[in-house]
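Q: If it helps, the file is called protein-v7.txt and holds compact mmCIF, C-alpha atoms:
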```
# COMPACT_ATOMS: atom_id res chain seq x y z
CA MET A 1 86.28 133.09 173.65
CA ARG A 2 89.95 133.57 174.52
CA GLY A 3 90.92 131.73 171.35
CA LYS A 4 88.74 134.01 169.21
CA LEU A 5 90.16 137.10 170.92
CA SER A 6 93.70 135.88 170.21
CA ILE A 7 92.89 135.47 166.52
CA LEU A 8 91.38 138.97 166.33
CA ALA A 9 94.25 140.50 168.33
CA LYS A 10 96.82 139.21 165.83
CA GLN A 11 95.31 141.48 163.17
CA ASN A 12 96.29 144.62 165.20
CA ASN A 13 93.21 146.52 163.99
CA ALA A 14 91.44 147.12 167.32
CA GLN A 15 92.38 150.80 167.65
CA GLN A 16 91.49 151.54 164.03
CA TRP A 17 88.13 149.77 164.50
CA ASN A 18 87.35 151.80 167.62
CA SER A 19 88.42 155.06 165.94
CA GLU A 20 86.15 154.42 162.95
CA LEU A 21 83.22 153.60 165.25
CA SER A 22 83.96 156.68 167.39
CA ARG A 23 83.90 158.98 164.34
CA GLU A 24 80.69 157.35 163.12
CA TRP A 25 79.02 157.75 166.54
CA MET A 26 80.10 161.39 166.80
CA ALA A 27 78.87 162.18 163.31
CA SER A 28 75.46 160.64 164.04
CA ALA A 29 75.18 162.40 167.42
CA GLY A 30 74.84 165.84 165.82
CA VAL A 31 75.11 168.81 168.18
CA ILE A 32 75.63 166.77 171.36
CA SER A 33 78.86 165.29 169.97
CA GLY A 34 80.49 168.56 171.05
CA LEU A 35 79.66 167.96 174.73
CA LEU A 36 81.89 165.28 176.21
CA TYR A 37 82.42 163.81 179.66
CA VAL A 38 85.75 162.24 180.66
CA ASP A 39 85.69 159.73 183.51
CA GLY A 40 88.79 158.04 184.93
CA ARG A 41 88.60 154.59 186.52
CA VAL A 42 91.13 152.15 187.94
CA ARG A 43 91.05 148.58 186.65
CA VAL A 44 92.71 146.43 189.31
CA TYR A 45 95.11 143.77 188.03
CA HIS A 46 95.25 140.49 189.98
CA GLY A 47 97.46 138.56 187.55
CA LYS A 48 101.10 137.60 187.92
CA LYS A 49 102.50 138.25 184.44
CA THR A 50 103.85 141.69 185.34
CA LYS A 51 104.09 144.02 188.33
CA LEU A 52 102.07 147.06 187.34
CA PRO A 53 102.56 150.24 189.40
CA LYS A 54 100.18 150.80 192.29
CA ARG A 55 97.50 153.48 192.41
CA PHE A 56 94.80 154.43 194.88
CA VAL A 57 91.51 152.59 194.34
CA THR A 58 88.68 154.59 195.91
CA ARG A 59 86.18 151.76 196.30
CA GLU A 60 88.81 149.58 198.05
CA LYS A 61 90.48 152.47 199.91
CA LEU A 62 93.80 150.82 199.12
CA CYS A 63 96.76 151.24 196.79
CA LEU A 64 96.59 148.33 194.34
CA ARG A 65 98.29 147.37 191.09
CA GLY A 66 96.32 148.06 187.97
CA MET A 67 95.66 150.12 184.85
CA SER A 68 94.01 153.52 184.58
CA ASP A 69 91.19 153.73 182.04
CA TYR A 70 89.90 157.13 180.88
CA TRP A 71 86.50 156.84 179.19
CA VAL A 72 85.29 159.60 176.86
CA ASN A 73 81.48 159.66 176.75
CA ASP A 74 78.76 161.76 175.19
CA ALA A 75 76.28 163.98 177.06
CA ILE A 76 74.05 161.04 178.04
CA GLY A 77 76.86 158.71 179.10
CA GLN A 78 77.32 156.67 175.94
CA PRO A 79 81.04 155.90 175.34
CA TYR A 80 83.03 157.01 172.31
CA PHE A 81 86.47 155.61 173.16
CA VAL A 82 88.76 154.73 176.06
CA VAL A 83 92.42 155.54 176.73
CA SER A 84 94.34 153.11 178.97
CA SER A 85 97.60 153.74 180.77
CA ALA A 86 99.83 151.52 182.89
CA HIS A 87 101.65 154.59 184.21
CA ASN A 88 100.26 156.90 186.88
CA LYS A 89 100.19 159.83 184.47
CA GLY A 90 96.94 161.25 185.78
CA LEU A 91 93.97 162.76 183.96
CA LEU A 92 95.69 166.04 183.09
CA SER A 93 98.54 164.30 181.27
CA VAL A 94 96.15 161.98 179.39
CA LEU A 95 94.00 164.97 178.38
CA LYS A 96 97.05 166.74 176.94
CA THR A 97 98.67 163.86 175.11
CA ASP A 98 95.83 161.51 174.13
CA ILE A 99 92.28 162.81 174.52
CA ILE A 100 92.29 166.44 173.31
CA PRO A 101 94.41 165.75 170.16
CA LYS A 102 92.08 162.86 169.25
CA LEU A 103 88.96 164.98 169.82
CA LEU A 104 90.33 167.81 167.67
CA LYS A 105 90.55 165.34 164.79
CA GLU A 106 87.33 163.41 165.33
CA VAL A 107 84.61 165.64 166.84
CA SER A 108 82.18 166.52 164.07
CA ASN A 109 80.63 169.93 163.30
CA GLN A 110 83.52 171.96 164.76
CA PRO A 111 83.52 175.69 163.88
CA THR A 112 86.08 176.95 161.38
CA GLU A 113 89.07 179.10 162.28
CA SER A 114 87.32 182.19 160.90
CA GLU A 115 84.17 181.48 162.93
CA LEU A 116 86.26 181.08 166.09
CA ALA A 117 88.05 184.38 165.37
CA GLN A 118 84.76 186.24 164.89
CA ASP A 119 83.06 184.86 168.02
CA LEU A 120 85.26 184.70 171.13
CA GLN A 121 82.53 182.82 173.00
CA LEU A 122 82.53 180.02 170.44
CA SER A 123 84.37 176.76 171.19
CA ARG A 124 85.26 173.67 169.20
CA PHE A 125 83.74 171.40 171.84
CA SER A 126 83.22 171.22 175.61
CA VAL A 127 84.87 168.68 177.89
CA ILE A 128 83.57 167.97 181.39
CA PHE A 129 85.81 166.32 183.99
CA ASP A 130 86.55 166.45 187.71
CA ARG A 131 89.17 168.50 189.54
CA GLU A 132 91.96 166.03 188.77
CA GLY A 133 92.28 167.77 185.42
CA TYR A 134 92.34 171.31 186.85
CA SER A 135 95.29 173.34 185.57
CA PRO A 136 95.24 177.10 184.73
CA GLU A 137 98.36 176.61 182.61
CA PHE A 138 96.69 173.88 180.59
CA PHE A 139 93.54 175.95 180.06
CA LYS A 140 95.65 178.88 178.90
CA GLN A 141 97.49 176.60 176.49
CA LEU A 142 94.21 175.37 175.03
CA GLN A 143 92.90 178.96 174.95
CA GLU A 144 89.27 178.65 173.94
CA GLU A 145 89.38 175.09 172.62
CA ILE A 146 87.99 173.72 175.84
CA GLU A 147 85.51 174.81 178.49
CA LEU A 148 85.69 173.52 182.02
CA TYR A 149 83.07 172.31 184.42
CA ARG A 150 84.86 172.32 187.78
CA ASN A 151 83.51 169.82 190.27
CA GLU A 152 83.83 170.93 193.89
CA ILE A 153 86.41 173.52 192.87
CA ALA A 154 85.72 175.68 195.91
CA GLY A 155 87.67 173.21 198.03
CA LEU A 156 90.68 173.38 195.72
CA LYS A 157 92.31 176.71 196.67
CA ILE A 158 95.95 175.87 196.97
CA GLN A 159 97.76 173.60 194.57
CA ARG A 160 100.44 171.36 195.90
CA LYS A 161 103.77 173.10 195.55
CA GLN A 162 105.91 170.07 196.15
CA MET A 163 105.41 167.00 194.04
CA GLU A 164 106.90 163.61 194.58
CA LYS A 165 109.91 163.10 192.35
CA ASN A 166 109.16 161.04 189.28
CA ILE A 167 111.68 158.36 188.37
CA ALA A 168 112.19 156.47 185.13
CA ILE A 169 110.98 152.89 184.94
CA GLY A 170 114.57 151.76 184.39
CA GLU A 171 115.54 153.27 187.76
CA LEU A 172 113.07 151.09 189.65
CA PRO A 173 114.41 148.13 191.60
CA GLU A 174 114.38 144.99 189.46
CA CYS A 175 111.64 143.44 191.60
CA GLU A 176 109.37 146.46 190.90
CA GLN A 177 109.95 146.80 187.16
CA TYR A 178 107.13 145.80 184.84
CA SER A 179 106.10 145.60 181.22
CA SER A 180 102.78 146.89 179.93
CA LEU A 181 100.10 144.29 179.37
CA MET A 182 99.15 143.42 175.80
CA ASN A 183 96.46 145.98 174.95
CA GLU A 184 95.12 144.62 171.65
CA LYS A 185 92.70 142.16 173.29
CA LYS A 186 91.58 144.84 175.74
CA HIS A 187 90.87 147.30 172.90
CA ILE A 188 88.69 144.65 171.24
CA VAL A 189 86.80 143.88 174.45
CA ASP A 190 86.37 147.58 175.31
CA THR A 191 85.02 148.33 171.83
CA ILE A 192 82.54 145.45 172.10
CA LYS A 193 81.45 146.82 175.49
CA MET A 194 80.82 150.24 173.91
CA ILE A 195 78.73 148.70 171.14
CA ASP A 196 76.76 146.66 173.68
CA TYR A 197 76.10 149.63 175.93
CA ARG A 198 74.94 151.79 173.02
CA ALA A 199 72.63 149.01 171.80
CA GLU A 200 71.23 148.61 175.31
CA THR A 201 70.68 152.38 175.58
CA ALA A 202 68.81 152.41 172.27
CA MET A 203 66.59 149.54 173.43
CA ALA A 204 66.02 151.30 176.76
CA SER A 205 64.66 154.33 174.91
CA MET A 206 62.19 152.01 173.14
CA ILE A 207 60.67 150.51 176.30
CA GLU A 208 61.04 153.43 178.74
CA PRO A 209 57.70 155.08 177.80
CA LYS A 210 55.94 151.83 178.76
CA LEU A 211 57.37 151.80 182.30
CA SER A 212 56.26 153.86 185.26
CA GLN A 213 59.76 154.08 186.76
CA ARG A 214 62.81 154.88 184.67
CA LYS A 215 65.17 152.94 186.92
CA THR A 216 63.42 149.66 186.07
CA THR A 217 64.19 150.02 182.34
CA ARG A 218 67.60 148.39 182.35
CA VAL A 219 66.47 145.85 184.97
CA LEU A 220 63.86 144.60 182.52
CA LEU A 221 66.38 144.60 179.68
CA ARG A 222 68.78 142.48 181.74
CA GLN A 223 65.93 140.02 182.31
CA ILE A 224 65.28 139.87 178.56
CA PHE A 225 68.99 139.37 177.80
CA SER A 226 69.27 136.50 180.29
CA THR A 227 66.09 134.75 179.12
CA GLU A 228 66.54 131.73 176.87
CA VAL A 229 65.67 131.94 173.17
CA ASP A 230 65.09 129.39 170.42
CA LEU A 231 66.61 129.98 166.98
CA GLU A 232 64.51 128.68 164.10
CA PRO A 233 65.95 129.31 160.62
CA ASP A 234 63.47 129.59 157.76
CA THR A 235 65.79 129.10 154.78
CA GLU A 236 62.93 129.17 152.31
CA ASN A 237 62.05 132.78 153.19
CA ASN A 238 65.54 133.88 154.37
CA ILE A 239 64.29 134.48 157.91
CA LEU A 240 65.95 133.67 161.23
CA ASN A 241 63.23 133.47 163.89
CA VAL A 242 64.37 134.42 167.39
CA LEU A 243 61.81 133.03 169.84
CA LEU A 244 62.01 134.69 173.26
CA HIS A 245 60.66 132.65 176.18
CA SER A 246 58.08 134.08 178.58
CA LEU A 247 59.29 136.62 181.16
CA SER A 248 58.42 136.88 184.86
CA ASN A 249 55.00 138.54 184.50
CA GLU A 250 52.37 139.58 181.96
CA LYS A 251 53.34 143.28 181.99
CA SER A 252 56.94 142.42 181.13
CA ASN A 253 55.72 140.13 178.35
CA LYS A 254 53.68 142.94 176.78
CA ILE A 255 56.65 145.31 176.87
CA ALA A 256 58.90 142.63 175.38
CA LEU A 257 56.32 141.98 172.64
CA ASN A 258 56.30 145.70 171.78
CA LEU A 259 60.11 145.70 171.73
CA CYS A 260 60.10 142.72 169.36
CA LYS A 261 57.75 144.62 167.05
CA GLN A 262 60.05 147.67 166.95
CA LEU A 263 63.14 145.53 166.38
CA ASN A 264 61.42 143.69 163.53
CA GLU A 265 60.68 147.03 161.84
CA THR A 266 64.44 147.59 161.49
CA GLU A 267 64.61 144.52 159.18
CA THR A 268 68.10 143.67 160.45
CA ILE A 269 70.06 141.07 158.48
CA PHE A 270 72.05 138.54 160.52
CA PRO A 271 75.77 139.21 159.79
CA GLY A 272 77.33 136.91 157.23
CA THR A 273 73.97 135.73 155.88
CA LYS A 274 70.98 136.97 153.90
CA MET A 275 68.58 136.02 156.70
CA ARG A 276 66.40 138.70 158.25
CA LEU A 277 66.01 138.58 162.04
CA VAL A 278 62.41 138.23 163.25
CA TYR A 279 61.80 138.42 167.00
CA LYS A 280 58.80 136.69 168.58
CA LEU A 281 57.53 136.00 172.08
CA VAL A 282 56.57 132.35 172.34
CA SER A 283 54.04 132.89 175.16
CA LEU A 284 51.80 135.09 173.01
```
Just dump the structure as structure tokens.

A:
Amino acid sequence: MRGKLSILAKQNNAQQWNSELSREWMASAGVISGLLYVDGRVRVYHGKKTKLPKRFVTREKLCLRGMSDYWVNDAIGQPYFVVSSAHNKGLLSVLKTDIIPKLLKEVSNQPTESELAQDLQLSRFSVIFDREGYSPEFFKQLQEEIELYRNEIAGLKIQRKQMEKNIAIGELPECEQYSSLMNEKKHIVDTIKMIDYRAETAMASMIEPKLSQRKTTRVLLRQIFSTEVDLEPDTENNILNVLLHSLSNEKSNKIALNLCKQLNETETIFPGTKMRLVYKLVSL
């Protein structure tokens, strides 16, 4: 897997690939593409190739070295793209320099300048984020290009007047200096994760009506994904049979059988071949 990632990374097309997918996903999302949720997460780095700056990790309650990832998702939590930063720039800075400019170019169905001028309540799109991105100056700068959902804003009455002095990386002691990690492989992996999550969400919507509890939907899907399959190519008819082994109980088998039926109706061709995928449950 690492070897394959290295080959793909040498092409330096990961960002372009993700951008094309992001635009395609937004265009297919219709109206909801204009409602976006930005979520920042810390990805802890345990390697020894470079000394990344430390940041507070909530789940560990410690300051640890790592990267900050800012995921931009749609209204139901499906990701469009991710922005990574080795520096402790914070959400507000990433919104200004990376996220908002990208959204202005890529969000589909934005109103025209004349429509915005005629309707002061109209906006290009809406971005939801937590109080880390709160800044009256920033909102004024954006004017009506962004609307804010302020999470627990009542507790944020006084902004900090004194900030810690920022220093250039070159001014750090030699033992604390670092170089950013190679991002090309990460862009590839992150994009694959987005595709996987969106595929899983689509499959979840197929089986959810058959389940009494919504929370068990992805549990069942994980069971299906981890169950062994047999691949039987039928070259005569250009069919690749995917034979799913029996699941843990009869109810799960029936749901999986229904899922196979819906997947077969898509008549998906296996990439790089002319063979149509046909899913079957071997127990039935």

Q: May I ask which of the residues A:Leu257, A:Leu103, A:Val94, A:Leu277 is the closest one to Pro233 in chain A, counting only C-alpha atoms?

A: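 Under the stated criterion, the closest residue is A:Leu277.
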
Q: May I have the residues within 7 Å of range 244-253 of chain A as a list in words, using all atoms listed in the file and disregarding those fewer than 5 positions away in the same chain?

A: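 The residues that qualify are Thr227, Glu228, Val229, Asp230, Lys280, Leu281, Val282 and Ser283 of chain A.
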
Q: So which residues touch range 74-85 of chain A within 6 Å, counting all atoms listed in the file, skipping near sequence neighbours fewer than 6 positions away, as a PyMOL selection string?

A: chain A and resi 22+35-36+67-68+194

Q: Just the number, please: distance in Å from CA of Asn241 in chain A to CA of Phe270 in chain A, one decimal.

A: 10.7 Å

Q: Give me the residues near Val189 in chain A as a PyMOL selection string, where near means some atom within 10 Å (using all atoms listed in the file) and where sequence neighbours in that chain fewer than 6 positions away do not count.

A: chain A and resi 5+14+183+195

Q: Expressed in Å to a single decimal, how great is the separation between CA of Gln118 in chain A and CA of Pro136 in chain A?

A: 24.2 Å

Q: In Å, rounded to a single decimal, give me how far CA of Gln223 in chain A is from CA of Glu208 in chain A.

A: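 We find that CA of Glu208 in chain A and CA of Gln223 in chain A lie 14.7 Å from each other.
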
Q: If we count all atoms listed in the file, what is near Arg59 in chain A at a cut-off of 10 Å, once residues fewer than 3 positions away on the same chain are taken out, given as an MDAnalysis selection string?

A: chainID A and resid 42 56 62

Q: How would the residues just chosen look if you wrote them out with C-alpha atoms as a PDB file, in the coordinates of the input?

A:
```pdb
ATOM      1  CA  VAL A  42      91.130 152.150 187.940  1.00  0.00           C
ATOM      2  CA  PHE A  56      94.800 154.430 194.880  1.00  0.00           C
ATOM      3  CA  LEU A  62      93.800 150.820 199.120  1.00  0.00           C
TER       4      LEU A  62
END
```

Q: Name all residues at most 12 Å from Ile239 in chain A (count all atoms listed in the file; drop same-chain ones fewer than 6 positions away) and give them as a count of residues only.

A: 15

Q: Of the residues A:Tyr37, A:Trp17, A:Tyr197, A:Trp71, which is the one nearest to Val127 in chain A, using all atoms listed in the file?

A: A:Tyr37

Q: Which is closest to Ile32 in chain A among A:Leu120, A:Arg214, A:Asn73, A:Cys63, if we use only C-alpha atoms?

A: A:Asn73

Q: Which is closest to Leu122 in chain A among A:Lys4, A:Arg222, A:Gly34, A:Val72, if we use only C-alpha atoms?

A: A:Gly34

Q: Pick from A:Leu243, A:Val38, A:Leu259, A:Met26: nearest to Gln110 in chain A, with all atoms listed in the file counted?

A: A:Met26

Q: For Ile99 in chain A, which of A:Asp39, A:Glu236, A:Glu115, A:Glu132 is the closest residue, counting all atoms listed in the file?

A: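 For Ile99 in chain A, the nearest of the given residues is A:Asp39.
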